[in-house]
Every structure is written in structure tokens, then in C-alpha cells.
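A short worksheet on the structure shown next.
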Amino acid sequence: MNKLLGLDLGTKTLGIAISDALLIAAHGYENFTFEPGNYKKAREHVLKICEEEDITEIALGYPLHMNGEISERAKSCLRFKDDLLKDNPNLKITMVDERMTTIIANRRLLEADLSHKKRKEVIDKMSAVVILESYMMTRKGG
């Protein structure tokens with residue numbers, strides 16, 4: 001089985017999570033930083049990881065407003081998805097509602113007793129883990 005990739009796309013950071021080969025667990029892979037708005041650099045980095053890790057399936061966070069309406073960031077994520085698919089049409093990319101992921105990720109980091117500075121360093125990666133776990137649960141029908 002191929003591993004899965006989870007992404008939490010921001011304006012200058014990309015939280016990345018990866019599943020194990022058995023699709024049982026997800027772990028933080030990386031917090032990738034890029035120049036604000038330089039989504040091309042982020043996209044190239046994702047494509048490189050997909051090639052190195054033999055990944056064909058991605059769960060991409062979809063930041064809707066709390067009322068379910070599409071936000072500007074959500075539109076940006078959809079463009080990111082479209083651009084990834086132009087570069088690699090063999091990818092399967094699923095948009096995952098990420099409205100509560102940062103809260104869940106922050107709670108986990110607080111429970112791990114991480115300092116504010118350390119939480120800030122890893123929050124995007126942890127949010128990507130939550131996005132990927134959510135996707136893995138729905139994929140299994142859970």
C-alpha cells in the first residue's frame with residue numbers, strides 16, 4: 001500500500017504529515033516554510049516528497065468559514081490542488097474540512113506540555129496530522 005500525505009497550507013508555511021505504509025498511523029513530517037504567496041515553491045516541495053515517498057494520494061486541508069462558506073484561503077487551497085494536478089494528474093487529492101484542526105492540534109500540544117515557542121514551531125505539522133487522521137478515518141468508513 002502507498003503512504004498518504006496530509007497538508008495544511010498557509011500563506012507562508014505548509015504543514016506536512018505522512019501515514020505509515022499500513023495506513024494505520026499518521027505522523028508529522030515537516031513544517032515547510034516558503035516566501036509569502038510563493039505557492040509554486042510549496043507545490044514543487046510536495047511533488048518532490050510524493051516522488052521520494054511513492055505517494056499518489058493527498059488529503060489537503062480545506063479552510064472553510066465556521067458557517068461552511070468558502071473562505072479566500074479555501075479558494076487558494078483549491079487553486080493549489082488544481083496546480084498540483086496539472087503538474088501530476090495521477091495524484092488523488094481530497095479536500096478535508098479543517099475548521100477544527102488547529103484547535104485539536106493545539107490541545108494535543110498543550111497536553112504534551114510543550115512551551116508556547118515549541119507549539120508555534122510545530123502547530124502546522126500537527127494540524128496536517130489531524131487533517132490526515134480525519135481523512136484516514138473517513139476513508140476507512142469510520
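Note on naming: chains are A, B, ... as they come in the C-alpha cells, residues start from 1 per chain, ligands start from 1 in the order shown.
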Residues flagged strand (DSSP E or B) by DSSP in stretch 4-138 of chain A, as a ChimeraX atom specification: /A:4-9,13-19,26-33,57-62,64,70,92-97
Residues near A:Leu91, cut-off 12 Å, only C-alpha atoms, skip fewer than 3 positions along chain, as an MDAnalysis selection string: chainID A and resid 2 4:5 46:47 50:51 54:60 81:88 94
For A:Tyr62: contacts at 7 Å, only C-alpha atoms, fewer than 4 positions along chain excluded, given as a ChimeraX atom specification: /A:74,77,95-98
Atom pair atom CA of A:Glu53 / atom CA of A:Ile103: separation (Å):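 Separation between atom CA of A:Glu53 and atom CA of A:Ile103: 28.8 Å.
Proximity of A:Lys3, A:Lys125, A:His45, A:Arg107 to A:Ala17, computed with only C-alpha atoms, is greatest for A:Lys125.
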Helix (DSSP H, G or I) per DSSP on the backbone: members of stretch 3-126 of chain A, as a count of residues only: 53
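Rounded to one decimal, atom CA of A:Glu44 and atom CA of A:Arg99 lie 25.8 Å from each other.
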Residue neighbourhood A:Arg73, 10 Å, only C-alpha atoms, exclusion window fewer than 4 positions, as a ChimeraX atom specification: /A:9-11,62-65,77-79
Contacts of A:Thr101 at 10 Å (only C-alpha atoms; same-chain gap of 4+ positions) as a PyMOL selection string: chain A and resi 8+61+63+97+105-107+123-124+126-131+134
Written file, previous selection with N, CA, C and O atoms, as a short mmCIF file (atom, residue, chain, number, x, y, z; two decimals), in the first residue's frame:
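Saved result, selection37.cif, follows:
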data_model
loop_
_atom_site.label_atom_id
_atom_site.label_comp_id
_atom_site.auth_asym_id
_atom_site.auth_seq_id
_atom_site.Cartn_x
_atom_site.Cartn_y
_atom_site.Cartn_z
N ASP A 8 -1.45 21.00 5.38
CA ASP A 8 -2.11 22.17 5.95
C ASP A 8 -1.42 23.39 5.35
O ASP A 8 -0.34 23.79 5.79
N GLY A 61 -6.01 20.17 3.50
CA GLY A 61 -6.92 20.92 4.36
C GLY A 61 -7.71 21.95 3.58
O GLY A 61 -7.19 22.61 2.69
N PRO A 63 -9.92 25.11 4.41
CA PRO A 63 -10.29 26.04 5.48
C PRO A 63 -11.58 26.82 5.20
O PRO A 63 -11.54 27.97 4.76
N ASP A 97 -12.22 19.10 5.34
CA ASP A 97 -12.67 20.21 6.18
C ASP A 97 -11.72 20.34 7.37
O ASP A 97 -11.54 19.41 8.14
N ALA A 105 -5.16 20.24 17.25
CA ALA A 105 -3.70 20.15 17.26
C ALA A 105 -3.12 20.90 18.46
O ALA A 105 -2.23 20.40 19.15
N ASN A 106 -3.64 22.09 18.72
CA ASN A 106 -3.15 22.89 19.84
C ASN A 106 -3.40 22.16 21.16
O ASN A 106 -2.55 22.15 22.05
N ARG A 107 -4.56 21.56 21.29
CA ARG A 107 -4.91 20.82 22.51
C ARG A 107 -3.93 19.66 22.73
O ARG A 107 -3.45 19.44 23.84
N ILE A 123 2.92 23.64 15.11
CA ILE A 123 1.45 23.62 15.01
C ILE A 123 0.96 23.25 13.60
O ILE A 123 0.00 22.49 13.46
N ASP A 124 1.62 23.75 12.57
CA ASP A 124 1.17 23.44 11.20
C ASP A 124 1.36 21.96 10.88
O ASP A 124 0.50 21.33 10.26
N MET A 126 1.39 19.56 13.09
CA MET A 126 0.41 18.82 13.89
C MET A 126 -0.99 18.96 13.29
O MET A 126 -1.78 18.01 13.30
N SER A 127 -1.31 20.13 12.74
CA SER A 127 -2.60 20.31 12.06
C SER A 127 -2.69 19.39 10.85
O SER A 127 -3.75 18.83 10.56
N ALA A 128 -1.58 19.24 10.14
CA ALA A 128 -1.56 18.32 8.99
C ALA A 128 -1.81 16.88 9.44
O ALA A 128 -2.48 16.12 8.75
N VAL A 129 -1.29 16.53 10.62
CA VAL A 129 -1.53 15.19 11.17
C VAL A 129 -3.03 15.00 11.41
O VAL A 129 -3.61 13.98 11.04
N VAL A 130 -3.68 16.01 12.00
CA VAL A 130 -5.11 15.92 12.29
C VAL A 130 -5.91 15.82 10.99
O VAL A 130 -6.85 15.03 10.88
N ILE A 131 -5.53 16.59 9.98
CA ILE A 131 -6.19 16.52 8.67
C ILE A 131 -6.05 15.12 8.09
O ILE A 131 -7.02 14.51 7.62
N SER A 134 -8.12 12.55 10.03
CA SER A 134 -9.53 12.71 9.69
C SER A 134 -9.83 12.03 8.35
O SER A 134 -10.82 11.31 8.20
#
